[in-house]
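Beneath this line is the structure, given in structure tokens, with notes to follow.
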Amino acid sequence: MEDFHQMNIPPKRGTAFLQMFARFEYSLKASSEFAEGDAKEIRAAWDKFANAIDGAFRAIADKSFQESVQFLLAAPARKQGMMGFQPLVIDPAQTEAQRTLLVIRTVRNNVIHGGKNLATE
């Protein structure tokens with residue numbers, strides 16, 4: 001996928017990220033516990049899921065995992081909007097899992113929806 005080259009992401013890793021994200025989001029929507037919406041639209045209940053796993057999330061002792069979480073939270077992806085990329089507003093009162101999943105969702109949204117709201121050059 002050409003877009004991954006423009007973002008300095010190895011295409012195999014970018015594709016793997018999007019595939020994993022899609023499966024994960026589908027799983028949340030397919031569950032009765034972590035889905036919200038109505039008969040017309042169903043959404044993943046990301047914050048509810050994040051709060052349910054936060055204790056286990058923070059208890060993961062793997063050094064690489066912890067370094068990755070700290071990287072995402074220390075330098076979160078910016079959110080794409082009408083005026084280009086803006087800082088992502090992260091509520092420090094949210095759990096670590098909520099904040100991390102917000103950044104991951106922002107990365108996914110920028111890749112999938114990027115450029116739709118920007119004026120053409």
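Residues are referred to by chain and number: the chain letter is A, B, ... according to the order shown in the structure tokens, the number counts from 1 in that chain, and ligands are numbered separately from 1 in the order shown.
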
| request: Enumerate as a PyMOL selection string all residues of chain A assigned to helix (DSSP H, G or I) by DSSP on the backbone, naming them with the chain letters and numbers the document uses. | output: chain A and resi 2-6+11-30+46-59+63-74+96-113

| request: Apply DSSP to the structure's backbone, then extract all residues of chain A labelled strand (DSSP E or B) and return them as JSON, numbers by chain. | output: {"A": [35, 36, 37, 42, 43, 44, 79, 80, 81, 84, 85, 86]}

| field | Distance query A:Ala50 at most 7 Å, only C-alpha atoms, self and fewer than 4 positions along chain excluded, as a list in words | value |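 Within the cut-off, the hits are Trp46, Asp54, Ala97 and Gln98 of chain A.
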
Write a file of the selected residues as a PDB file, in the first residue's frame, keeping C-alpha atoms.
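And here is the file that came out, part-v6.pdb:
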```pdb
ATOM      1  CA  TRP A  46     -13.796   1.404  23.758  1.00  0.00           C
ATOM      2  CA  ASP A  54      -7.037  -1.406  32.985  1.00  0.00           C
ATOM      3  CA  ALA A  97      -5.740   1.782  29.030  1.00  0.00           C
ATOM      4  CA  GLN A  98      -8.275   4.434  27.921  1.00  0.00           C
TER       5      GLN A  98
END
```

| said: Can you tell me which residues surround stretch 87-96 of chain A at a distance of at most 7 Å, considering only C-alpha atoms, apart from same-chain residues fewer than 2 positions away, and format the answer as an MDAnalysis selection string? | reply: chainID A and resid 51 54 76:79 85 98:100

| request: Tell me, in Å to one decimal, how far atom CA of A:Ile104 is from atom CA of A:Leu18. | output: 10.7 Å

| query | Using only C-alpha atoms, which residue out of A:Ser27, A:Asn110, A:Gln70, A:Thr15 lies closest to A:Arg58? | reply | A:Gln70

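Computed from the coordinates, the atom CA of A:Leu28 to atom CA of A:Arg43 distance equals 8.3 Å.
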
| field | Point-to-point distance in Å for atom CA of A:Gln19 and atom CA of A:Glu67 | value | 22.8 Å

| message | Between A:Phe57, A:Ser31, A:Asp62, A:Ala22, which residue has the minimum interatomic distance to A:Ala45, considering only C-alpha atoms? | response |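 Nearest candidate to A:Ala45 out of A:Phe57, A:Ser31, A:Asp62, A:Ala22: A:Ser31.
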